[in-house]
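query-v7.cif follows (mmCIF, C-alpha atoms):
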data_model
#
loop_
_atom_site.label_atom_id
_atom_site.label_comp_id
_atom_site.auth_asym_id
_atom_site.auth_seq_id
_atom_site.Cartn_x
_atom_site.Cartn_y
_atom_site.Cartn_z
CA MET Q 248 23.28 -123.77 -107.36
CA ASN Q 249 20.97 -124.94 -110.13
CA LEU Q 250 18.89 -121.84 -109.79
CA GLN Q 251 21.95 -119.72 -110.04
CA ARG Q 252 23.03 -121.56 -113.15
CA GLU Q 253 19.56 -121.16 -114.61
CA PHE Q 254 19.53 -117.50 -113.75
CA CYS Q 255 22.86 -116.81 -115.41
CA LYS Q 256 21.99 -118.76 -118.51
CA GLY Q 257 21.78 -115.60 -120.57
CA ARG Q 258 25.53 -115.16 -120.55
CA ALA Q 259 27.72 -115.69 -123.57
CA PRO Q 260 27.94 -119.35 -124.53
CA GLY Q 261 31.65 -119.11 -125.27
CA ALA Q 262 32.53 -116.99 -122.26
CA THR Q 263 34.54 -118.58 -119.47
CA GLU Q 264 32.64 -118.88 -116.22
CA PRO Q 265 34.69 -116.73 -113.84
CA MET Q 266 35.47 -113.15 -114.77
CA ASP Q 267 39.19 -113.54 -115.08
CA ALA Q 268 41.98 -111.04 -114.68
CA GLU Q 269 41.97 -110.55 -118.42
CA ALA Q 270 38.39 -109.28 -118.36
CA LEU Q 271 39.08 -106.92 -115.47
CA ARG Q 272 42.12 -105.65 -117.24
CA SER Q 273 40.20 -104.97 -120.42
CA GLN Q 274 37.53 -103.12 -118.47
CA LEU Q 275 40.03 -100.92 -116.68
CA ALA Q 276 41.54 -100.27 -120.11
CA ALA Q 277 38.06 -99.36 -121.40
CA ALA Q 278 37.59 -96.96 -118.49
CA LEU Q 279 40.95 -95.34 -119.29
CA ALA Q 280 39.87 -94.95 -122.91
CA ARG Q 281 36.81 -93.10 -121.67
CA VAL Q 282 38.99 -90.92 -119.46
CA ALA Q 283 41.01 -90.08 -122.56
CA SER Q 284 37.84 -88.78 -124.18
CA GLY Q 285 37.20 -86.49 -121.21
CA ASP Q 286 34.77 -88.64 -119.21
CA ARG Q 287 35.00 -87.54 -115.58
CA VAL Q 288 32.81 -90.39 -114.34
CA ALA Q 289 35.25 -92.83 -115.92
CA LEU Q 290 38.08 -91.14 -114.03
CA GLN Q 291 36.12 -91.57 -110.82
CA LEU Q 292 35.62 -95.21 -111.71
CA VAL Q 293 39.35 -95.64 -112.30
CA TYR Q 294 39.98 -93.84 -109.01
CA GLU Q 295 37.60 -96.07 -107.06
CA MET Q 296 39.09 -99.19 -108.58
CA THR Q 297 42.73 -98.29 -108.07
CA SER Q 298 43.27 -95.49 -105.56
CA ALA Q 299 43.69 -97.73 -102.50
CA LYS Q 300 46.38 -99.75 -104.27
CA LEU Q 301 48.18 -96.66 -105.59
CA PHE Q 302 47.94 -94.91 -102.22
CA GLY Q 303 49.47 -97.98 -100.60
CA VAL Q 304 52.31 -97.88 -103.12
CA CYS Q 305 52.95 -94.15 -102.59
CA LEU Q 306 52.71 -94.48 -98.83
CA ARG Q 307 55.21 -97.33 -98.80
CA ILE Q 308 57.73 -95.27 -100.78
CA LEU Q 309 57.21 -91.92 -99.06
CA ASN Q 310 56.39 -93.19 -95.57
CA ASN Q 311 54.50 -89.95 -95.02
CA ARG Q 312 50.73 -89.63 -95.37
CA SER Q 313 50.54 -86.03 -96.40
CA GLU Q 314 53.21 -86.40 -99.09
CA ALA Q 315 51.57 -89.60 -100.32
CA GLU Q 316 48.23 -87.76 -100.59
CA ASP Q 317 49.82 -84.98 -102.62
CA VAL Q 318 51.42 -87.49 -104.95
CA LEU Q 319 48.20 -89.50 -105.29
CA GLN Q 320 46.34 -86.37 -106.34
CA ASP Q 321 49.09 -85.60 -108.81
CA VAL Q 322 48.90 -89.16 -110.18
CA TYR Q 323 45.18 -88.98 -111.02
CA VAL Q 324 45.48 -85.50 -112.49
CA THR Q 325 48.24 -86.96 -114.66
CA VAL Q 326 45.98 -89.88 -115.58
CA TRP Q 327 43.26 -87.39 -116.51
CA ARG Q 328 45.62 -85.48 -118.78
CA LYS Q 329 47.63 -88.37 -120.18
CA ALA Q 330 45.10 -91.18 -120.47
CA ALA Q 331 45.34 -90.93 -124.26
CA ALA Q 332 48.98 -92.00 -123.97
CA PHE Q 333 47.99 -95.31 -122.40
CA ASP Q 334 48.42 -98.11 -124.93
CA PRO Q 335 46.70 -101.34 -123.85
CA GLY Q 336 48.87 -103.19 -126.36
CA LEU Q 337 52.01 -102.20 -124.48
CA ALA Q 338 51.09 -102.46 -120.83
CA SER Q 339 48.30 -103.61 -118.57
CA PRO Q 340 46.33 -100.68 -117.15
CA ILE Q 341 47.24 -101.43 -113.55
CA THR Q 342 50.93 -101.64 -114.51
CA TRP Q 343 50.62 -98.29 -116.24
CA LEU Q 344 48.96 -96.72 -113.21
CA VAL Q 345 51.35 -98.23 -110.66
CA THR Q 346 54.26 -97.09 -112.83
CA ILE Q 347 53.00 -93.50 -112.82
CA ALA Q 348 52.47 -93.64 -109.07
CA ARG Q 349 55.91 -95.11 -108.38
CA ASN Q 350 57.67 -92.64 -110.64
CA ARG Q 351 55.91 -89.69 -109.03
CA ALA Q 352 56.55 -90.99 -105.54
CA ILE Q 353 60.22 -91.71 -106.25
CA ASP Q 354 60.71 -88.25 -107.78
CA ARG Q 355 59.10 -86.75 -104.70
CA LEU Q 356 61.30 -88.87 -102.46
CA ARG Q 357 64.44 -87.74 -104.31
CA ALA Q 358 63.34 -84.10 -104.19
CA SER Q 359 62.93 -84.21 -100.44
CA ALA Q 360 65.88 -86.55 -99.82
CA MET Q 361 68.00 -83.83 -98.31
CA THR Q 362 65.50 -83.10 -95.58
CA ARG Q 363 64.30 -86.62 -94.94
CA ARG Q 364 65.20 -88.60 -91.94
CA MET Q 365 65.99 -92.24 -92.66
CA GLU Q 366 63.76 -94.84 -91.05
CA PRO Q 367 66.18 -97.66 -90.28
CA ILE Q 368 63.85 -99.75 -88.13
CA GLU Q 369 61.02 -99.81 -90.64
CA THR Q 370 63.41 -100.67 -93.43
CA ALA Q 371 65.17 -103.38 -91.48
CA ASP Q 372 61.75 -104.95 -91.22
CA ALA Q 373 61.11 -104.68 -94.91
CA VAL Q 374 64.50 -106.13 -95.80
CA SER Q 375 64.32 -108.99 -93.36
CA ASP Q 376 60.97 -110.01 -94.81
CA PRO Q 377 61.95 -110.98 -98.33
CA ALA Q 378 58.87 -113.06 -99.16
CA PRO Q 379 55.28 -111.84 -99.29
CA GLY Q 380 52.73 -113.55 -97.07
CA ALA Q 381 50.92 -116.65 -98.19
CA ALA Q 382 47.61 -114.85 -98.57
CA GLU Q 383 49.13 -112.22 -100.80
CA ARG Q 384 50.76 -114.84 -102.96
CA VAL Q 385 47.46 -116.56 -103.55
CA GLU Q 386 46.14 -113.28 -104.90
CA MET Q 387 49.01 -112.81 -107.28
CA ALA Q 388 48.23 -113.01 -110.95
CA GLN Q 389 50.09 -115.51 -113.07
CA GLN Q 390 52.80 -113.15 -114.19
CA HIS Q 391 53.35 -112.02 -110.65
CA GLN Q 392 53.72 -115.58 -109.49
CA ARG Q 393 56.28 -116.03 -112.19
CA LEU Q 394 58.23 -113.04 -110.91
CA ALA Q 395 58.02 -114.41 -107.38
CA GLY Q 396 59.26 -117.77 -108.65
CA CYS Q 397 62.22 -116.13 -110.38
CA LEU Q 398 63.02 -114.07 -107.28
CA ASP Q 399 63.01 -117.28 -105.27
CA GLU Q 400 65.81 -118.56 -107.49
CA LEU Q 401 68.05 -115.66 -106.47
CA GLU Q 402 70.25 -115.59 -103.43
CA GLY Q 403 68.23 -114.42 -100.46
CA ARG Q 404 70.08 -111.15 -100.03
CA GLN Q 405 69.85 -110.36 -103.76
CA ALA Q 406 66.11 -110.94 -103.79
CA ALA Q 407 65.69 -108.99 -100.55
CA ALA Q 408 67.64 -106.03 -101.96
CA ILE Q 409 65.61 -106.03 -105.18
CA ARG Q 410 62.31 -106.21 -103.30
CA ALA Q 411 63.35 -103.45 -100.92
CA ALA Q 412 64.57 -101.27 -103.81
CA PHE Q 413 61.32 -101.65 -105.71
CA LEU Q 414 58.96 -101.25 -102.79
CA ASP Q 415 60.78 -98.42 -101.01
CA GLY Q 416 62.19 -96.65 -104.09
CA THR Q 417 65.53 -96.22 -102.35
CA THR Q 418 68.81 -95.42 -104.08
CA TYR Q 419 71.81 -97.77 -104.16
CA GLU Q 420 73.44 -95.53 -101.56
CA GLU Q 421 70.54 -95.73 -99.14
CA LEU Q 422 70.17 -99.47 -99.59
CA ALA Q 423 73.88 -99.99 -98.93
CA THR Q 424 73.64 -97.91 -95.75
CA ARG Q 425 70.51 -99.65 -94.57
CA MET Q 426 71.81 -103.16 -95.19
CA GLY Q 427 75.25 -102.27 -93.86
CA VAL Q 428 77.30 -103.20 -96.93
CA PRO Q 429 79.63 -101.13 -99.16
CA LEU Q 430 78.00 -99.34 -102.09
CA GLY Q 431 79.86 -101.49 -104.63
CA THR Q 432 78.60 -104.65 -102.98
CA MET Q 433 75.02 -103.43 -103.07
CA LYS Q 434 75.28 -102.48 -106.75
CA SER Q 435 76.79 -105.85 -107.50
CA TRP Q 436 74.05 -107.75 -105.63
CA ILE Q 437 71.29 -105.91 -107.40
CA ARG Q 438 72.82 -105.96 -110.88
CA ARG Q 439 73.65 -109.65 -110.71
CA GLY Q 440 70.21 -110.28 -109.34
CA LEU Q 441 68.62 -108.32 -112.19
CA LEU Q 442 70.63 -110.23 -114.81
CA LYS Q 443 69.58 -113.58 -113.36
CA LEU Q 444 66.04 -112.33 -113.05
CA ARG Q 445 65.98 -111.29 -116.68
CA ALA Q 446 67.26 -114.68 -117.80
CA CYS Q 447 64.62 -116.42 -115.68
CA LEU Q 448 61.78 -114.17 -116.85
CA GLU Q 449 62.67 -114.76 -120.49
CA ARG Q 450 62.75 -118.52 -120.10
CA MET V 492 87.62 -103.41 -110.10
CA SER V 493 85.32 -100.89 -111.71
CA GLU V 494 84.19 -97.87 -109.78
CA ASP V 495 80.94 -99.48 -108.74
CA GLY V 496 82.50 -102.77 -107.76
CA THR V 497 81.01 -105.03 -110.44
CA ASN V 498 83.29 -107.34 -112.35
CA ASP V 499 81.82 -106.48 -115.70
CA PRO V 500 81.76 -102.72 -116.23
CA THR V 501 79.29 -103.03 -119.12
CA GLU V 502 76.62 -104.51 -116.86
CA GLY V 503 75.68 -101.13 -115.50
CA GLY V 504 75.04 -99.75 -118.99
CA LYS V 505 72.97 -102.74 -120.02
CA LEU V 506 70.93 -102.63 -116.88
CA ILE V 507 70.18 -98.92 -116.74
CA ALA V 508 66.55 -99.60 -117.78
CA ALA V 509 66.13 -102.16 -115.01
CA GLU V 510 67.75 -99.83 -112.49
CA TYR V 511 65.48 -97.00 -113.58
CA VAL V 512 62.36 -99.14 -113.15
CA LEU V 513 63.60 -100.64 -109.90
CA GLY V 514 64.02 -97.12 -108.54
CA VAL V 515 67.64 -97.20 -107.39
CA LEU V 516 68.84 -94.26 -109.50
CA GLY V 517 69.31 -90.75 -108.17
CA ALA V 518 67.33 -87.77 -109.44
CA GLU V 519 69.94 -86.75 -112.04
CA GLU V 520 70.27 -90.27 -113.47
CA ARG V 521 66.49 -90.62 -113.62
CA ARG V 522 66.17 -87.42 -115.66
CA GLU V 523 68.92 -88.65 -117.95
CA VAL V 524 67.12 -91.95 -118.61
CA GLU V 525 63.87 -90.08 -119.24
CA ARG V 526 65.61 -87.81 -121.75
CA ARG V 527 66.99 -90.85 -123.56
CA LEU V 528 63.65 -92.65 -123.58
CA ALA V 529 62.21 -90.26 -126.11
CA GLN V 530 65.04 -90.90 -128.58
CA GLU V 531 66.00 -94.53 -127.97
CA PRO V 532 63.24 -97.03 -128.78
CA ALA V 533 65.46 -99.92 -127.63
CA LEU V 534 65.82 -98.35 -124.21
CA ALA V 535 62.10 -97.59 -124.10
CA SER V 536 61.21 -101.21 -124.84
CA GLU V 537 63.70 -102.40 -122.22
CA VAL V 538 62.05 -100.10 -119.68
CA ALA V 539 58.64 -101.44 -120.73
CA PHE V 540 59.95 -105.01 -120.27
CA TRP V 541 60.97 -104.32 -116.68
CA GLU V 542 57.86 -102.30 -115.87
CA GLN V 543 55.69 -105.23 -116.91
CA ARG V 544 57.76 -107.80 -115.04
CA LEU V 545 58.64 -105.94 -111.85
CA THR V 546 55.34 -104.21 -111.19
CA GLY V 547 54.02 -107.52 -109.88
CA LEU V 548 55.99 -106.73 -106.73
CA ALA V 549 53.45 -104.01 -106.01
CA ASP V 550 50.98 -106.84 -105.34
CA THR V 551 52.69 -107.30 -102.01
CA VAL V 552 51.81 -103.75 -100.98
CA ALA V 553 48.57 -103.68 -99.00
CA PRO V 554 45.97 -101.25 -100.34
CA VAL V 555 45.28 -98.28 -98.08
CA ALA V 556 42.15 -96.18 -98.55
CA PRO V 557 43.18 -92.61 -99.27
CA PRO V 558 41.41 -89.89 -97.26
CA PRO V 559 38.08 -88.79 -98.76
CA THR V 560 39.44 -85.30 -99.40
CA THR V 561 41.80 -86.61 -102.07
CA TRP V 562 39.08 -87.22 -104.63
CA SER V 563 37.58 -83.75 -104.04
CA ARG V 564 41.01 -82.25 -104.59
CA ILE V 565 41.41 -84.21 -107.83
CA GLU V 566 37.96 -83.10 -109.01
CA ALA V 567 38.83 -79.51 -108.21
CA ALA V 568 42.16 -79.83 -110.01
CA ILE V 569 40.56 -81.12 -113.20
CA GLY V 570 37.77 -78.56 -113.01
CA ALA V 571 34.90 -81.03 -112.77
CA PRO V 572 31.41 -79.69 -113.27
CA GLY V 573 29.25 -80.29 -110.21
CA SER V 574 32.14 -79.53 -107.90
CA ASP V 575 30.55 -76.12 -107.45
CA PRO V 576 28.64 -76.28 -104.15
CA SER V 577 26.58 -73.22 -105.10
CA ARG V 578 24.71 -75.40 -107.62
CA PRO V 579 22.90 -78.03 -105.57
CA VAL V 580 20.91 -80.74 -107.30
CA PRO V 581 17.22 -79.70 -107.34
CA MET V 582 16.01 -82.89 -105.71
CA ALA V 583 12.59 -81.68 -104.62
CA ALA V 584 11.73 -80.33 -108.04
CA ALA V 585 12.66 -83.44 -109.96
CA ARG V 586 10.19 -86.23 -110.68
CA PRO V 587 11.11 -89.65 -109.28
CA ALA V 588 11.96 -91.00 -112.72
CA SER V 589 14.41 -88.23 -113.43
CA ILE V 590 15.92 -88.45 -109.97
CA TRP V 591 16.50 -92.12 -110.64
CA GLN V 592 18.23 -91.32 -113.89
CA SER V 593 20.06 -88.26 -112.71
CA LEU V 594 23.76 -88.95 -112.53
CA ALA V 595 24.30 -85.81 -110.47
CA PHE V 596 21.85 -87.08 -107.88
CA TRP V 597 23.45 -90.48 -107.61
CA ARG V 598 26.91 -89.07 -107.58
CA SER V 599 26.20 -86.56 -104.84
CA PHE V 600 24.36 -89.18 -102.84
CA GLY V 601 26.95 -91.85 -103.39
CA ILE V 602 29.94 -89.65 -102.79
CA ALA V 603 28.54 -88.51 -99.47
CA SER V 604 28.15 -92.07 -98.22
CA ALA V 605 31.43 -93.23 -99.76
CA THR V 606 33.16 -90.29 -98.15
CA LEU V 607 31.78 -91.26 -94.77
CA ALA V 608 32.74 -94.91 -95.23
CA ALA V 609 36.23 -94.09 -96.48
CA ALA V 610 36.71 -91.76 -93.56
CA SER V 611 35.67 -94.49 -91.13
CA ILE V 612 38.05 -96.97 -92.71
CA ALA V 613 40.88 -94.45 -92.77
CA ALA V 614 40.23 -93.70 -89.12
CA LEU V 615 40.15 -97.39 -88.19
CA ALA V 616 43.28 -98.07 -90.23
CA TYR V 617 44.97 -95.15 -88.58
CA ILE V 618 44.33 -96.39 -85.08
CA GLY V 619 45.39 -99.87 -86.14
CA LEU V 620 42.08 -101.69 -85.78
CA VAL V 621 42.18 -102.91 -89.35
CA PRO V 622 45.49 -103.57 -91.09
CA SER V 623 44.35 -102.07 -94.39
CA ALA V 624 41.27 -101.47 -96.45
CA ARG V 625 40.01 -104.44 -98.40
CA ALA V 626 40.59 -104.37 -102.12
CA PRO V 627 37.88 -102.92 -104.34
CA LEU V 628 35.89 -105.40 -106.39
CA MET V 629 35.04 -105.28 -110.03
CA ALA V 630 32.88 -107.22 -112.45
CA THR V 631 32.37 -107.13 -116.17
CA LEU V 632 28.77 -107.89 -117.05
CA GLY V 633 28.75 -109.57 -120.44
CA GLY V 634 25.77 -110.28 -122.64
CA ALA V 635 24.92 -113.01 -125.12
CA GLY V 636 27.30 -111.57 -127.72
CA GLY V 637 30.21 -111.92 -125.30
CA ALA V 638 30.87 -108.18 -125.31
CA PRO V 639 30.81 -106.39 -121.96
CA ASN V 640 27.62 -104.42 -121.45
CA PHE V 641 28.29 -103.00 -118.00
CA VAL V 642 31.22 -102.60 -115.69
CA ALA V 643 30.49 -102.70 -111.97
CA THR V 644 32.86 -101.68 -109.22
CA VAL V 645 32.39 -101.95 -105.50
CA ALA V 646 34.37 -99.40 -103.52
CA ALA V 647 36.81 -100.69 -100.91
CA SER V 648 34.26 -99.67 -98.28
CA GLY V 649 32.00 -102.43 -99.61
CA ASN V 650 28.71 -100.57 -99.35
CA ARG V 651 28.54 -98.73 -102.63
CA LEU V 652 28.40 -100.01 -106.16
CA VAL V 653 28.98 -98.01 -109.31
CA LEU V 654 27.61 -99.41 -112.54
CA VAL V 655 28.79 -97.95 -115.83
CA PRO V 656 27.38 -99.00 -119.21
CA ALA V 657 30.22 -100.14 -121.43
CA ALA V 658 28.18 -100.50 -124.60
CA LEU V 659 25.03 -98.97 -125.97
CA LEU V 660 22.23 -101.44 -125.45
CA THR V 661 18.88 -102.01 -127.09
CA ASN V 662 16.07 -99.49 -126.82
CA ASP V 663 13.97 -102.14 -125.14
CA PRO V 664 11.34 -100.26 -123.13
CA ARG V 665 11.51 -102.72 -120.26
CA ALA V 666 13.28 -101.73 -117.06
CA MET V 667 16.71 -103.12 -116.26
CA GLN V 668 17.16 -104.50 -112.77
CA LEU V 669 20.46 -105.36 -111.12
CA TRP V 670 20.71 -108.52 -109.00
CA LEU V 671 23.28 -109.91 -106.62
CA ILE V 672 23.73 -113.66 -106.31
CA PRO V 673 26.10 -114.08 -103.35
CA ALA V 674 28.89 -116.63 -103.72
CA GLY V 675 27.61 -120.11 -102.91
CA GLU V 676 23.97 -118.98 -102.87
CA ALA V 677 21.28 -119.49 -105.47
CA ARG V 678 18.76 -116.77 -104.72
CA PRO V 679 19.16 -113.39 -106.46
CA HIS V 680 18.71 -110.24 -104.38
CA SER V 681 17.67 -107.01 -106.07
CA LEU V 682 20.11 -104.12 -105.89
CA GLY V 683 17.83 -101.77 -107.77
CA LEU V 684 17.00 -100.53 -111.24
CA VAL V 685 19.77 -99.43 -113.56
CA HIS V 686 19.96 -97.39 -116.73
CA PRO V 687 21.50 -98.57 -120.00
CA GLY V 688 22.73 -95.12 -120.97
CA GLN V 689 24.02 -93.62 -117.74
CA PRO V 690 26.43 -94.57 -114.98
CA ILE V 691 24.73 -94.87 -111.63
CA ALA V 692 25.84 -95.38 -108.05
CA LEU V 693 23.82 -97.69 -105.81
CA ASP V 694 24.04 -98.07 -102.09
CA ILE V 695 24.26 -101.72 -101.20
CA PRO V 696 21.65 -102.61 -98.55
CA ARG V 697 23.26 -103.26 -95.20
CA ASP V 698 22.03 -106.86 -95.02
CA LEU V 699 23.69 -107.63 -98.36
CA ALA V 700 26.94 -105.70 -97.91
CA GLY V 701 28.73 -108.64 -96.29
CA ARG V 702 27.80 -110.85 -99.22
CA VAL V 703 29.24 -108.60 -101.92
CA THR V 704 32.44 -110.62 -102.12
CA PRO V 705 34.73 -112.05 -104.79
CA ASP V 706 32.87 -114.75 -106.75
CA ALA V 707 29.46 -113.25 -106.06
CA THR V 708 27.58 -112.79 -109.33
CA LEU V 709 25.96 -109.62 -110.60
CA ALA V 710 23.30 -109.90 -113.27
CA ILE V 711 20.88 -107.62 -115.04
CA SER V 712 17.43 -108.74 -116.16
CA LEU V 713 14.69 -107.07 -118.19
CA GLU V 714 11.65 -106.38 -116.06
CA PRO V 715 8.32 -104.54 -116.22
CA PRO V 716 8.49 -100.79 -115.57
CA GLY V 717 9.23 -100.24 -111.89
CA GLY V 718 11.05 -103.55 -111.56
CA SER V 719 10.20 -107.15 -110.91
CA PRO V 720 6.85 -107.50 -109.13
CA THR V 721 7.89 -110.77 -107.48
CA GLY V 722 11.22 -109.83 -105.90
CA LEU V 723 12.92 -112.33 -108.18
CA PRO V 724 13.94 -111.89 -111.82
CA THR V 725 11.03 -112.49 -114.18
CA GLY V 726 12.53 -111.51 -117.55
CA PRO V 727 15.60 -112.56 -119.52
CA VAL V 728 19.10 -111.96 -118.17
CA ILE V 729 20.88 -109.63 -120.56
CA ALA V 730 24.22 -109.36 -118.78
CA SER V 731 26.00 -111.09 -115.94
CA GLY V 732 29.45 -111.42 -114.47
CA LYS V 733 31.37 -112.39 -111.36
CA LEU V 734 33.00 -109.99 -108.94
CA ALA V 735 36.72 -110.30 -108.45
CA SER V 736 39.31 -108.42 -106.43
CA LEU V 737 41.10 -105.82 -108.41
#

Could you take the file, read its structure, and then write that structure out as structure tokens?
Amino acid sequence: MNLQREFCKGRAPGATEPMDAEALRSQLAAALARVASGDRVALQLVYEMTSAKLFGVCLRILNNRSEAEDVLQDVYVTVWRKAAAFDPGLASPITWLVTIARNRAIDRLRASAMTRRMEPIETADAVSDPAPGAAERVEMAQQHQRLAGCLDELEGRQAAAIRAAFLDGTTYEELATRMGVPLGTMKSWIRRGLLKLRACLER
Amino acid sequence: MSEDGTNDPTEGGKLIAAEYVLGVLGAEERREVERRLAQEPALASEVAFWEQRLTGLADTVAPVAPPPTTWSRIEAAIGAPGSDPSRPVPMAAARPASIWQSLAFWRSFGIASATLAAASIAALAYIGLVPSARAPLMATLGGAGGAPNFVATVAASGNRLVLVPAALLTNDPRAMQLWLIPAGEARPHSLGLVHPGQPIALDIPRDLAGRVTPDATLAISLEPPGGSPTGLPTGPVIASGKLASL
């Protein structure tokens, strides 16, 4: 341990010991800035850092590998073209990337909604599992823990509906069908849940 | 009762940003919100509020390594140079020093191995042997001034490291050598020489791959040309940082 300390002595005196989320975030932001200036290696760096997460997000929404691959490709081509629009003052880079991926995946899901077969078993699973696993929670960043804390304050079915809506990108109609409640009830659950969530998040 | 069953009919209007971000709107409603976003800053900031707060839910989604073909397709779509297979890297003709510094060489080498590794993981994940790929790791290597000098990422496969200079460093003629200090260990292990002006990809030796984990430290020292003669750092450490899951 002493040797390690000795070896790392050259680091910034004021710097905190562990590389925190803030530092990672600023580096992903720096990579995106390089992408904006046309740096292909930086895009590959962004891809290597984030593609598994974004593919997981797309796959969860689309529940179809080949569609998720198409969307993932589309996402990084969008990142390549629109990186200049990323404003680190407004959003964290991973939030920006996940948002692009979710929006693309949801649009794709809507576009193919007419031909899609619903997956009631898979979704029943997702809905009946309202809380993430312990290991995942440990990995959550502070803000995410805060969100989880606020979701915990909601009624179980409200929180479950909000989680399912976000993760699966399903419409009110689909959620109502899947959870076996009238459309109005589903809208009410989610809207009340969102209002309470907003109040909690602003506290 | 209002048409959607809520007691307060204004709630829907107020919450349209949240509903958009949550993803419960239909295609038409989504386009409508997107049209309004350009003209209504209040709506745009409400959408930004929810994006920042709700996106944490994505943390509960396990990462899944995309198939190796996806990156090639992206490269082709953005028209990357070097994606032309009719222009191979002239490895035999290049001197060792220029091979070492040649980004094209490292990229072609690294991509081949990463492709293989990603394919193996995808295959294993597909047949259910592993639940999902592990998260990629990243480290910012800061120097004495506190500014980041290098950014290192370790692909989800865990056997390849990409090091990108984040700032222009000194013209010091000494070589720069990258070291791994595994979490809980004291002894640095060399990962190879790096270049202050160019991104490089390094294959992580098999015996070290298992020790490239969160909380392992990466550091760069100045060494004689060709690297440290002792197998341990001999010169000053100019940048160091800890790996963390992304």

Chain V contacts to chain Q at 7 Å (all atoms listed in the file) as a VMD selection string: chain V and resid 495 to 497 513 to 518 543 to 544 546 to 547 549 to 557 561 564 to 565 569 627 629 to 631 633 to 637 642 644 646 676 to 678 727 to 733 737

Interatomic distance (Å, one decimal) between CA of Arg450 (chain Q) and CA of Gly396 (chain Q): 12.0 Å

Picked residues, the PyMOL selection byres ((chain V and resi 708-723) around 7), expected as a ChimeraX atom specification: /V:632,665-674,679,684,706-707,724-734

Result set of the PyMOL selection byres ((chain Q and resi 405) around 6) on the coordinates above, as a list in words: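 In the shown coordinates, the PyMOL selection byres ((chain Q and resi 405) around 6) covers Glu402, Gly403, Arg404, Ala406, Ala407, Ala408, Trp436, Ile437 and Gly440 of chain Q.
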
Would you save the residues of that selection, restricted to C-alpha atoms, as a compact mmCIF listing (two decimals), in the coordinates of the input?
# COMPACT_ATOMS: atom_id res chain seq x y z
CA GLU Q 402 70.25 -115.59 -103.43
CA GLY Q 403 68.23 -114.42 -100.46
CA ARG Q 404 70.08 -111.15 -100.03
CA ALA Q 406 66.11 -110.94 -103.79
CA ALA Q 407 65.69 -108.99 -100.55
CA ALA Q 408 67.64 -106.03 -101.96
CA TRP Q 436 74.05 -107.75 -105.63
CA ILE Q 437 71.29 -105.91 -107.40
CA GLY Q 440 70.21 -110.28 -109.34

Expected selection from the PyMOL selection byres ((chain V and resi 507) around 12), given as a PyMOL selection string: (chain Q and resi 434+437-438+441-442) or (chain V and resi 501-506+508-517+520-521+523-525+527-528+533-535+537-538+541)

Take the residues from that selection and put them in a file with C-alpha atoms, as a tab-separated table (two decimals), in the coordinates of the input.
chain	number	residue	atom	x	y	z
Q	434	LYS	CA	75.28	-102.48	-106.75
Q	437	ILE	CA	71.29	-105.91	-107.40
Q	438	ARG	CA	72.82	-105.96	-110.88
Q	441	LEU	CA	68.62	-108.32	-112.19
Q	442	LEU	CA	70.63	-110.23	-114.81
V	501	THR	CA	79.29	-103.03	-119.12
V	502	GLU	CA	76.62	-104.51	-116.86
V	503	GLY	CA	75.68	-101.13	-115.50
V	504	GLY	CA	75.04	-99.75	-118.99
V	505	LYS	CA	72.97	-102.74	-120.02
V	506	LEU	CA	70.93	-102.63	-116.88
V	508	ALA	CA	66.55	-99.60	-117.78
V	509	ALA	CA	66.13	-102.16	-115.01
V	510	GLU	CA	67.75	-99.83	-112.49
V	511	TYR	CA	65.48	-97.00	-113.58
V	512	VAL	CA	62.36	-99.14	-113.15
V	513	LEU	CA	63.60	-100.64	-109.90
V	514	GLY	CA	64.02	-97.12	-108.54
V	515	VAL	CA	67.64	-97.20	-107.39
V	516	LEU	CA	68.84	-94.26	-109.50
V	517	GLY	CA	69.31	-90.75	-108.17
V	520	GLU	CA	70.27	-90.27	-113.47
V	521	ARG	CA	66.49	-90.62	-113.62
V	523	GLU	CA	68.92	-88.65	-117.95
V	524	VAL	CA	67.12	-91.95	-118.61
V	525	GLU	CA	63.87	-90.08	-119.24
V	527	ARG	CA	66.99	-90.85	-123.56
V	528	LEU	CA	63.65	-92.65	-123.58
V	533	ALA	CA	65.46	-99.92	-127.63
V	534	LEU	CA	65.82	-98.35	-124.21
V	535	ALA	CA	62.10	-97.59	-124.10
V	537	GLU	CA	63.70	-102.40	-122.22
V	538	VAL	CA	62.05	-100.10	-119.68
V	541	TRP	CA	60.97	-104.32	-116.68

Using all atoms of region 520-526 of chain V that appear in the file, construct an axis-aligned enclosing box with 6 Å of padding on every side and provide its centre coordinates and edge lengths in Å, rounded to one decimal, as lines of an AutoDock Vina configuration file.
center_x = 67.1
center_y = -89.7
center_z = -117.6
size_x = 18.4
size_y = 16.5
size_z = 20.3

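With CA of Ile691 (chain V) on one side and CA of Gly675 (chain V) on the other, the separation reads 26.9 Å.
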
Near-Ala330 (chain Q) list (7 Å; all atoms listed in the file; drop same-chain fewer than 5 positions) as a list in words: Leu279, Ala280, Val282 and Ala283 of chain Q

CA of Val703 (chain V) to CA of Val653 (chain V), straight-line distance in Å: 12.9 Å

Shell of 12 Å around Arg697 (chain V), only C-alpha atoms, local chain residues under 6 positions omitted, as a list in words: Ser648, Gly649, Asn650, Arg651, Leu682 and Val703 of chain V
